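Student: Just run.csv, nothing more (CSV, C-alpha atoms and all ligand atoms):
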chain,number,residue,atom,x,y,z
A,163,MET,CA,-13.1,-7.0,5.5
A,164,THR,CA,-11.8,-4.1,7.6
A,165,ASP,CA,-13.2,-4.1,11.1
A,166,ARG,CA,-12.3,-0.8,12.5
A,167,PRO,CA,-10.8,0.4,14.7
A,168,SER,CA,-8.7,-2.8,15.3
A,169,SER,CA,-7.6,-3.2,11.7
A,170,PRO,CA,-5.2,-0.8,10.0
A,171,ILE,CA,-6.6,1.6,7.4
A,172,ALA,CA,-5.0,1.3,4.0
A,173,PRO,CA,-3.4,4.6,3.0
A,174,PHE,CA,-5.7,5.0,0.0
A,175,SER,CA,-8.8,4.4,2.1
A,176,SER,CA,-10.9,7.2,3.6
A,177,GLY,CA,-11.8,7.9,7.2
A,178,THR,CA,-15.0,9.7,5.8
A,179,THR,CA,-18.2,7.7,5.5
A,180,PHE,CA,-20.7,7.8,2.7
A,181,LEU,CA,-23.0,10.7,3.3
A,182,ASN,CA,-21.6,10.9,6.8
A,183,TRP,CA,-23.5,7.8,7.7
A,184,PRO,CA,-22.5,6.1,11.0
A,185,ARG,CA,-19.7,3.6,10.8
A,186,VAL,CA,-21.1,0.1,11.4
A,187,SER,CA,-19.5,-3.3,11.8
A,188,LEU,CA,-21.1,-6.4,10.1
A,189,ASP,CA,-22.5,-7.4,13.5
A,190,GLN,CA,-24.5,-4.2,13.6
A,191,VAL,CA,-26.1,-4.7,10.2
A,192,ARG,CA,-29.9,-5.2,10.5
A,193,PRO,CA,-32.7,-6.1,8.1
A,194,GLY,CA,-33.7,-3.2,6.0
A,195,MET,CA,-30.5,-1.3,6.6
A,196,ILE,CA,-28.7,0.4,3.7
A,197,VAL,CA,-25.0,-0.3,4.0
A,198,ALA,CA,-22.3,1.4,2.1
A,199,GLY,CA,-18.9,-0.2,1.6
A,200,GLY,CA,-15.7,0.5,-0.3
A,201,ILE,CA,-13.7,-1.8,-2.5
A,202,PRO,CA,-10.4,0.1,-3.2
A,203,CYS,CA,-9.2,-2.5,-5.8
A,204,GLU,CA,-7.5,-1.8,-9.1
A,205,PHE,CA,-5.0,-4.5,-9.7
A,206,THR,CA,-7.4,-6.3,-12.1
A,207,GLY,CA,-7.8,-3.2,-14.2
A,208,SER,CA,-5.5,-1.4,-16.6
A,209,THR,CA,-5.7,2.1,-15.2
A,210,ILE,CA,-4.0,3.6,-12.2
A,211,GLY,CA,-6.4,5.2,-9.8
A,212,PRO,CA,-9.7,3.3,-9.3
A,213,ARG,CA,-8.5,2.3,-5.8
A,214,LEU,CA,-9.0,5.9,-4.9
A,215,GLY,CA,-12.6,5.9,-6.1
A,216,PRO,CA,-14.3,4.9,-2.8
A,217,ALA,CA,-12.5,7.7,-0.8
A,218,ALA,CA,-13.3,10.3,-3.5
A,219,ILE,CA,-17.0,9.3,-3.7
A,220,ARG,CA,-17.3,9.4,0.0
A,221,GLN,CA,-15.6,12.8,0.2
A,222,ARG,CA,-17.9,14.3,-2.4
A,223,SER,CA,-20.9,12.7,-0.7
A,224,THR,CA,-20.3,14.7,2.4
A,225,GLY,CA,-20.7,17.9,0.4
A,226,ILE,CA,-24.1,16.7,-0.8
A,227,ASN,CA,-25.0,15.8,2.8
A,228,TRP,CA,-24.0,19.2,4.0
A,229,ARG,CA,-25.8,21.1,1.3
A,230,TRP,CA,-29.1,19.2,1.8
A,231,ARG,CA,-29.0,19.0,5.6
A,232,GLU,CA,-27.4,22.2,6.9
A,233,PRO,CA,-29.8,24.9,5.8
A,234,GLY,CA,-32.4,24.0,8.5
A,235,PRO,CA,-35.0,21.6,9.6
A,236,GLY,CA,-37.1,22.3,6.5
A,237,GLY,CA,-34.5,20.8,4.2
A,238,VAL,CA,-34.1,22.0,0.7
A,239,VAL,CA,-36.6,22.9,-2.0
A,240,ASN,CA,-37.0,21.6,-5.5
A,241,VAL,CA,-37.0,24.8,-7.6
A,242,SER,CA,-39.1,23.2,-10.3
A,243,ASP,CA,-42.2,22.8,-8.1
A,244,GLY,CA,-41.4,24.2,-4.7
A,245,SER,CA,-41.6,20.8,-3.0
A,246,ALA,CA,-39.4,20.4,0.0
A,247,VAL,CA,-37.3,17.3,0.6
A,248,ARG,CA,-34.8,16.2,3.3
A,249,PHE,CA,-32.9,13.3,4.5
A,250,ARG,CA,-35.0,10.9,6.6
A,251,GLU,CA,-33.8,10.9,10.2
A,252,ASP,CA,-35.2,7.4,10.7
A,253,ALA,CA,-33.4,5.8,7.7
A,254,ALA,CA,-31.4,2.9,8.9
A,255,VAL,CA,-28.0,3.5,7.2
A,256,GLY,CA,-24.4,2.8,7.9
A,257,ASP,CA,-21.0,2.6,6.2
A,258,ILE,CA,-19.0,-0.6,6.8
A,259,GLY,CA,-15.7,0.8,5.7
A,260,ASP,CA,-13.5,-0.7,3.0
A,261,VAL,CA,-13.1,-4.4,2.2
A,262,THR,CA,-9.5,-5.5,2.7
A,263,ILE,CA,-7.7,-5.7,-0.6
A,264,HIS,CA,-4.9,-8.3,-0.7
A,265,SER,CA,-3.1,-6.8,-3.7
A,266,PRO,CA,-2.2,-8.5,-6.0
A,267,GLN,CA,-3.7,-11.7,-4.6
A,268,LEU,CA,-6.8,-12.2,-6.7
A,269,GLU,CA,-8.4,-15.2,-4.9
A,270,ARG,CA,-8.0,-13.7,-1.4
A,271,THR,CA,-9.4,-10.4,-2.5
A,272,THR,CA,-12.3,-12.0,-4.3
A,273,GLU,CA,-13.2,-13.9,-1.2
A,274,GLU,CA,-13.0,-10.7,1.0
A,275,ILE,CA,-15.4,-9.0,-1.4
A,276,ARG,CA,-17.7,-12.0,-1.7
A,277,ALA,CA,-17.8,-12.6,2.1
A,278,CYS,CA,-18.5,-8.9,2.9
A,279,THR,CA,-21.4,-8.7,0.5
A,280,GLU,CA,-22.8,-12.0,1.5
A,281,GLY,CA,-22.7,-10.9,5.1
A,282,ILE,CA,-24.6,-7.7,4.4
A,283,VAL,CA,-27.2,-9.4,2.2
A,284,ARG,CA,-27.7,-12.4,4.5
A,285,ARG,CA,-28.6,-10.0,7.3
A,286,GLY,CA,-31.4,-8.6,5.1
A,287,ALA,CA,-29.6,-5.3,4.3
A,288,PHE,CA,-29.1,-3.4,1.0
A,289,PRO,CA,-25.5,-3.0,-0.1
A,290,VAL,CA,-24.3,0.1,-1.8
A,291,MET,CA,-20.7,-0.7,-2.9
A,292,LEU,CA,-18.1,1.7,-4.2
A,293,GLY,CA,-15.4,0.5,-6.5
A,294,GLY,CA,-12.7,0.0,-7.5
A,295,ASP,CA,-12.3,-1.3,-11.0
A,296,HIS,CA,-15.2,-3.2,-12.5
A,297,TYR,CA,-13.7,-6.7,-11.8
A,298,VAL,CA,-15.2,-6.2,-8.3
A,299,GLY,CA,-18.7,-6.5,-9.9
A,300,TYR,CA,-18.2,-10.2,-10.1
A,301,PRO,CA,-17.4,-11.1,-6.4
A,302,LEU,CA,-20.1,-8.5,-5.4
A,303,ALA,CA,-22.7,-10.3,-7.5
A,304,LEU,CA,-21.4,-13.7,-6.2
A,305,GLY,CA,-21.8,-12.5,-2.6
A,306,TYR,CA,-25.2,-11.1,-3.4
A,307,HIS,CA,-26.3,-14.4,-5.0
A,308,GLU,CA,-25.2,-16.4,-2.0
A,309,GLY,CA,-26.6,-14.0,0.5
A,310,ARG,CA,-30.1,-14.0,-1.2
A,311,ARG,CA,-30.0,-17.8,-1.4
A,312,ALA,CA,-29.4,-17.9,2.4
A,313,LEU,CA,-32.6,-15.9,2.6
A,314,GLY,CA,-34.4,-18.6,0.6
A,315,GLU,CA,-34.3,-17.0,-2.8
A,316,THR,CA,-33.1,-18.8,-5.9
A,317,ARG,CA,-32.7,-16.5,-8.9
A,318,PHE,CA,-31.7,-12.9,-9.5
A,319,GLY,CA,-31.6,-10.6,-12.5
A,320,TYR,CA,-28.8,-8.3,-13.4
A,321,ILE,CA,-28.6,-4.8,-14.9
A,322,GLN,CA,-25.3,-3.3,-15.9
A,323,VAL,CA,-25.2,0.4,-16.7
A,324,ASP,CA,-22.0,0.6,-18.7
A,325,ALA,CA,-20.6,1.6,-22.1
A,326,HIS,CA,-19.2,-1.9,-22.4
A,327,PHE,CA,-20.4,-5.5,-22.0
A,328,ASP,CA,-17.5,-6.7,-19.8
A,329,LEU,CA,-18.3,-10.1,-21.2
A,330,GLN,CA,-15.0,-11.4,-22.5
A,331,ASP,CA,-14.4,-15.0,-21.5
A,332,ASP,CA,-10.6,-15.2,-21.6
A,333,ASN,CA,-8.5,-12.1,-22.5
A,334,PRO,CA,-5.1,-12.9,-23.9
A,335,SER,CA,-3.5,-10.3,-21.6
A,336,HIS,CA,-5.7,-10.3,-18.5
A,337,GLY,CA,-7.1,-13.8,-18.4
A,338,LYS,CA,-10.5,-14.7,-17.0
A,339,TYR,CA,-10.6,-12.3,-14.0
A,340,TRP,CA,-10.4,-8.6,-14.8
A,341,HIS,CA,-12.5,-5.6,-15.5
A,342,GLY,CA,-13.6,-6.8,-18.9
A,343,SER,CA,-14.9,-10.2,-17.8
A,344,ASN,CA,-17.0,-9.4,-14.7
A,345,ALA,CA,-20.4,-9.8,-16.5
A,346,ARG,CA,-19.3,-13.0,-18.1
A,347,ARG,CA,-18.4,-14.5,-14.7
A,348,VAL,CA,-21.8,-13.3,-13.4
A,349,ALA,CA,-23.5,-15.0,-16.3
A,350,GLU,CA,-22.0,-18.3,-15.2
A,351,LEU,CA,-23.2,-18.3,-11.7
A,352,ASP,CA,-25.2,-21.3,-10.6
A,353,GLY,CA,-28.8,-21.0,-11.5
A,354,PHE,CA,-28.4,-17.7,-13.3
A,355,ASP,CA,-30.1,-17.2,-16.6
A,356,PRO,CA,-28.5,-14.7,-19.0
A,357,ALA,CA,-32.0,-13.9,-20.3
A,358,ASN,CA,-32.3,-11.9,-17.1
A,359,MET,CA,-29.2,-9.7,-18.0
A,360,VAL,CA,-29.6,-6.2,-19.4
A,361,TRP,CA,-27.1,-3.6,-20.4
A,362,LEU,CA,-28.0,0.1,-20.4
A,363,GLY,CA,-25.9,2.7,-22.1
A,364,LEU,CA,-23.7,0.6,-24.4
A,365,LEU,CA,-21.4,2.6,-26.8
A,366,ASP,CA,-18.3,2.1,-28.8
A,367,ILE,CA,-17.1,-1.4,-29.7
A,368,ALA,CA,-17.3,-4.9,-28.3
A,369,TRP,CA,-15.2,-7.9,-28.9
A,370,ARG,CA,-16.6,-10.5,-31.2
A,371,ASP,CA,-17.0,-13.2,-28.4
A,372,GLU,CA,-19.0,-10.7,-26.3
A,373,TRP,CA,-21.3,-9.9,-29.2
A,374,GLU,CA,-21.9,-13.5,-30.0
A,375,PHE,CA,-22.5,-14.4,-26.3
A,376,VAL,CA,-25.3,-11.8,-26.2
A,377,GLN,CA,-26.8,-13.0,-29.4
A,378,ARG,CA,-27.0,-16.7,-28.3
A,379,SER,CA,-27.7,-16.2,-24.6
A,380,GLY,CA,-30.9,-14.1,-24.9
A,381,ALA,CA,-29.5,-11.2,-23.0
A,382,THR,CA,-30.7,-7.7,-23.7
A,383,ALA,CA,-28.4,-4.9,-24.9
A,384,MET,CA,-29.5,-1.3,-25.0
A,385,THR,CA,-27.2,1.3,-26.4
A,386,VAL,CA,-27.1,5.0,-25.4
A,387,HIS,CA,-29.0,5.6,-28.7
A,388,ASP,CA,-31.6,3.0,-27.8
A,389,MET,CA,-32.1,4.8,-24.5
A,390,ARG,CA,-32.5,8.2,-26.1
A,391,ALA,CA,-34.9,6.8,-28.7
A,392,LYS,CA,-37.1,5.2,-26.1
A,393,GLY,CA,-36.6,7.8,-23.4
A,394,VAL,CA,-34.6,7.0,-20.3
A,395,GLU,CA,-37.6,6.2,-18.2
A,396,ARG,CA,-39.0,3.7,-20.6
A,397,ALA,CA,-35.7,2.1,-21.3
A,398,VAL,CA,-35.1,1.6,-17.5
A,399,ALA,CA,-38.7,0.2,-17.1
A,400,GLU,CA,-38.0,-2.3,-19.9
A,401,ALA,CA,-34.7,-3.3,-18.3
A,402,LEU,CA,-36.3,-3.8,-14.9
A,403,ALA,CA,-39.1,-5.9,-16.5
A,404,ILE,CA,-36.6,-8.2,-18.3
A,405,ALA,CA,-34.2,-8.5,-15.3
A,406,GLY,CA,-37.2,-9.1,-13.0
A,407,ARG,CA,-38.9,-11.8,-15.1
A,408,ASP,CA,-39.1,-15.0,-13.0
A,409,THR,CA,-36.5,-13.7,-10.6
A,410,ASP,CA,-36.6,-12.9,-6.9
A,411,SER,CA,-34.6,-9.7,-7.0
A,412,ILE,CA,-32.3,-7.6,-9.2
A,413,TYR,CA,-28.6,-6.6,-8.8
A,414,VAL,CA,-27.5,-3.3,-10.4
A,415,SER,CA,-23.9,-2.6,-11.4
A,416,VAL,CA,-23.0,0.9,-12.6
A,417,ASP,CA,-19.8,1.7,-14.4
A,418,ILE,CA,-19.2,5.5,-14.5
A,419,ASP,CA,-17.7,5.2,-17.9
A,420,VAL,CA,-21.3,5.0,-19.3
A,421,CYS,CA,-21.2,8.8,-19.1
A,422,ASP,CA,-19.9,11.1,-21.7
A,423,ASN,CA,-16.3,12.0,-20.9
A,424,SER,CA,-17.2,15.7,-20.5
A,425,ALA,CA,-19.5,14.7,-17.6
A,426,ALA,CA,-17.2,12.1,-16.1
A,427,PRO,CA,-13.6,12.5,-17.2
A,428,GLY,CA,-12.3,10.7,-14.1
A,429,THR,CA,-12.5,7.1,-15.4
A,430,GLY,CA,-10.3,4.7,-17.4
A,431,PHE,CA,-12.1,4.8,-20.7
A,432,ILE,CA,-12.7,8.0,-22.7
A,433,ASN,CA,-16.2,7.9,-24.1
A,434,PHE,CA,-17.7,10.4,-26.5
A,435,GLY,CA,-21.4,10.5,-26.8
A,436,GLY,CA,-22.2,8.6,-23.6
A,437,LEU,CA,-25.0,9.5,-21.2
A,438,SER,CA,-25.2,13.1,-20.2
A,439,ALA,CA,-25.0,13.9,-16.5
A,440,ILE,CA,-28.8,14.4,-16.3
A,441,GLU,CA,-29.5,11.2,-18.3
A,442,PHE,CA,-27.2,9.3,-15.9
A,443,LEU,CA,-28.9,10.7,-12.8
A,444,THR,CA,-32.4,10.0,-14.2
A,445,THR,CA,-31.3,6.4,-15.0
A,446,LEU,CA,-30.1,5.8,-11.5
A,447,GLN,CA,-33.2,7.5,-10.0
A,448,CYS,CA,-35.5,5.2,-12.1
A,449,LEU,CA,-33.6,2.1,-11.2
A,450,GLY,CA,-33.6,2.9,-7.5
A,451,LYS,CA,-37.4,3.3,-7.5
A,452,SER,CA,-37.8,-0.4,-8.1
A,453,GLU,CA,-38.5,-2.4,-5.0
A,454,GLU,CA,-37.1,-5.5,-6.8
A,455,VAL,CA,-33.6,-4.1,-6.8
A,456,GLY,CA,-31.6,-5.4,-3.9
A,457,ALA,CA,-28.1,-4.0,-4.3
A,458,VAL,CA,-26.1,-1.5,-6.3
A,459,ASP,CA,-22.4,-1.0,-7.0
A,460,LEU,CA,-20.8,2.0,-8.7
A,461,VAL,CA,-17.3,1.4,-10.1
A,462,GLU,CA,-14.4,2.8,-12.1
A,463,VAL,CA,-14.3,6.3,-10.6
A,464,THR,CA,-10.6,7.2,-11.2
A,465,PRO,CA,-9.6,10.4,-9.3
A,466,PRO,CA,-6.2,10.9,-10.9
A,467,ARG,CA,-7.9,11.5,-14.2
A,468,ASP,CA,-10.7,13.6,-12.8
A,469,LEU,CA,-11.3,17.3,-13.4
A,470,GLY,CA,-12.5,19.3,-10.4
A,471,ASP,CA,-13.8,16.2,-8.7
A,472,ARG,CA,-16.8,16.2,-11.1
A,473,THR,CA,-16.8,12.5,-11.7
A,474,ALA,CA,-16.7,11.6,-8.0
A,475,HIS,CA,-19.4,14.2,-7.4
A,476,LEU,CA,-21.6,12.8,-10.2
A,477,ALA,CA,-21.1,9.3,-8.8
A,478,ALA,CA,-22.1,10.4,-5.3
A,479,ARG,CA,-25.1,12.3,-6.6
A,480,GLY,CA,-26.1,9.4,-8.7
A,481,LEU,CA,-26.2,7.2,-5.7
A,482,VAL,CA,-28.3,9.7,-3.8
A,483,GLU,CA,-30.7,9.7,-6.7
A,484,PHE,CA,-30.7,5.9,-6.7
A,485,LEU,CA,-31.5,5.9,-3.0
A,486,ARG,CA,-33.9,8.8,-3.1
A,487,GLY,CA,-37.0,6.9,-2.1
A,488,ARG,CA,-35.1,5.1,0.7
A,489,ILE,CA,-33.2,8.0,2.3
A,490,LEU,CA,-35.1,11.2,1.5
A,491,GLU,CA,-38.6,12.3,2.3
A,492,PRO,CA,-40.9,15.1,1.3
A,493,THR,CA,-41.6,17.7,3.9
A,494,GLY,CA,-45.1,18.9,3.0
A,495,GLY,CA,-44.4,19.8,-0.7
A,496,SER,CA,-46.0,18.2,-3.6
A,497,ALA,CA,-43.6,15.4,-4.7
A,498,LEU,CA,-40.1,14.2,-4.9
A,499,ILE,CA,-38.2,15.3,-8.0
A,500,GLY,CA,-39.2,13.1,-10.8
B,1,MN,MN,-17.5,-2.0,-16.9
Rewrite the structure from the file as structure tokens, please.
Ligand SMILES: [Mn+2]
Tutor:
Amino acid sequence: MTDRPSSPIAPFSSGTTFLNWPRVSLDQVRPGMIVAGGIPCEFTGSTIGPRLGPAAIRQRSTGINWRWREPGPGGVVNVSDGSAVRFREDAAVGDIGDVTIHSPQLERTTEEIRACTEGIVRRGAFPVMLGGDHYVGYPLALGYHEGRRALGETRFGYIQVDAHFDLQDDNPSHGKYWHGSNARRVAELDGFDPANMVWLGLLDIAWRDEWEFVQRSGATAMTVHDMRAKGVERAVAEALAIAGRDTDSIYVSVDIDVCDNSAAPGTGFINFGGLSAIEFLTTLQCLGKSEEVGAVDLVEVTPPRDLGDRTAHLAARGLVEFLRGRILEPTGGSALIG
């Protein structure tokens, strides 16, 4: 893990922090803190550019921070009902910088990601991790699992917001550790029950072994069409109930390719008919309201394919919606949005 200022900053990292939060070291992480971190890793993917995702998300987040914070002490107003909302000044937040990526050394990089996440979680904090290609979801969940065990917990549930399962066991080209196997590796963690796994926003095709794994494991798959039929709020509530059944907490992994490509062109997989921007923001807002959720990652933002930074902006805004109850507060108006 990068420990600034003594460690060098990779050329594709960003000096900007998420939402302009203060830079923190692992030693400064305290219980209840929300800790952002970047994982500029792409050598386990098949697209050039996800390593630039953390810097792009952080950069766009500063614009959101400015727009919501600068107008004055009253904050901003929700035009739908006149309620005012602002960033909480007392929120314990920090950005730990980027995990050191030893490209292309898979085991060393995996250990860096695992150790960073475990360190944040073991200290009782809430990680908000920015990818990177989706492989990083596995070492992130592994670190989360070990950190929560250090706190005395045993089982966690897992929700993946994604157009794809990422469940392939052993790909002929990529092997067992890449951005199409992360969920499969999570499913194999010690004590983990795939019955506590839920996908939200599936679309397109899956490999036969992924499909059969879901059928026999008792995991739950909800497509974009399922979400629309149920309504986003109800679909998320069902996902939280399934992931939370007999577990101590829930890990949420978000692949930006769940969105329709018109809303999020800056990603590796071109997806027609995925979640609209507002469906995506509502999904993250509903997930983030759950007190059972203990961590979130957002992966696969790929700036070289983006148009006008809209994907990085949607990712940053999605995380603000996810964290809304934790980092925003009403200022005398009726209610938070939603
Ligand atoms: Mn994925």
Student: Dump as a list in words all residues having an atom at most 9 Å from (-24.6, -17.7, -11.3), computed in the file's coordinates with only C-alpha atoms.
Tutor: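 Protein, DNA and RNA residues close to (-24.6, -17.7, -11.3): Ala303, Leu304, His307, Arg317, Phe318, Arg347, Val348, Ala349, Glu350, Leu351, Asp352, Gly353, Phe354 and Asp355 of chain A.
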Student: Around ligand MN 1 (chain B), at most 8 Å away and counting only C-alpha atoms and all ligand atoms, which residues are there? Put them as a list in words, please.
Tutor: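 Checking only C-alpha atoms and all ligand atoms against ligand MN 1 (chain B) at 8 Å gives Asp295, His296, Tyr297, Gln322, Asp324, Ala325, His326, Phe327, Asp328, His341, Gly342, Asn344, Val416, Asp417, Asp419, Val461 and Glu462 of chain A.
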Student: Dump C-alpha atoms for the selected residues as a compact mmCIF listing (two decimals), in the frame of the given file?
Tutor:
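again-v5.txt, freshly written:
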# COMPACT_ATOMS: atom_id res chain seq x y z
CA ASP A 295 -12.30 -1.30 -11.00
CA HIS A 296 -15.20 -3.20 -12.50
CA TYR A 297 -13.70 -6.70 -11.80
CA GLN A 322 -25.30 -3.30 -15.90
CA ASP A 324 -22.00 0.60 -18.70
CA ALA A 325 -20.60 1.60 -22.10
CA HIS A 326 -19.20 -1.90 -22.40
CA PHE A 327 -20.40 -5.50 -22.00
CA ASP A 328 -17.50 -6.70 -19.80
CA HIS A 341 -12.50 -5.60 -15.50
CA GLY A 342 -13.60 -6.80 -18.90
CA ASN A 344 -17.00 -9.40 -14.70
CA VAL A 416 -23.00 0.90 -12.60
CA ASP A 417 -19.80 1.70 -14.40
CA ASP A 419 -17.70 5.20 -17.90
CA VAL A 461 -17.30 1.40 -10.10
CA GLU A 462 -14.40 2.80 -12.10
Student: Considering only C-alpha atoms, state which residue in the set A:Val323, A:Leu485, A:Ala474, A:Leu437 is at the smallest distance from Leu292 (chain A).
Tutor: A:Ala474
Student: For Leu181 (chain A), find every residue with an atom within 12 Å (counting all atoms listed in the file), except residues of its own chain fewer than 5 positions away, and show them as a ChimeraX atom specification.
Tutor: /A:196-199,217-231,249,255-257,290,475,478-479,481-482,485,489
Student: Have a look at A:Val298, A:Leu362, A:Val238, A:Leu402 and name the one nearest to Leu449 (chain A); count only C-alpha atoms.
Tutor: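 Nearest candidate to Leu449 (chain A) out of A:Val298, A:Leu362, A:Val238, A:Leu402: A:Leu402.
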Student: Hey, can you check how far CA of Glu453 (chain A) sits from CA of Ile412 (chain A)?
Tutor: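 Result for CA of Glu453 (chain A) versus CA of Ile412 (chain A): 9.1 Å, one decimal.
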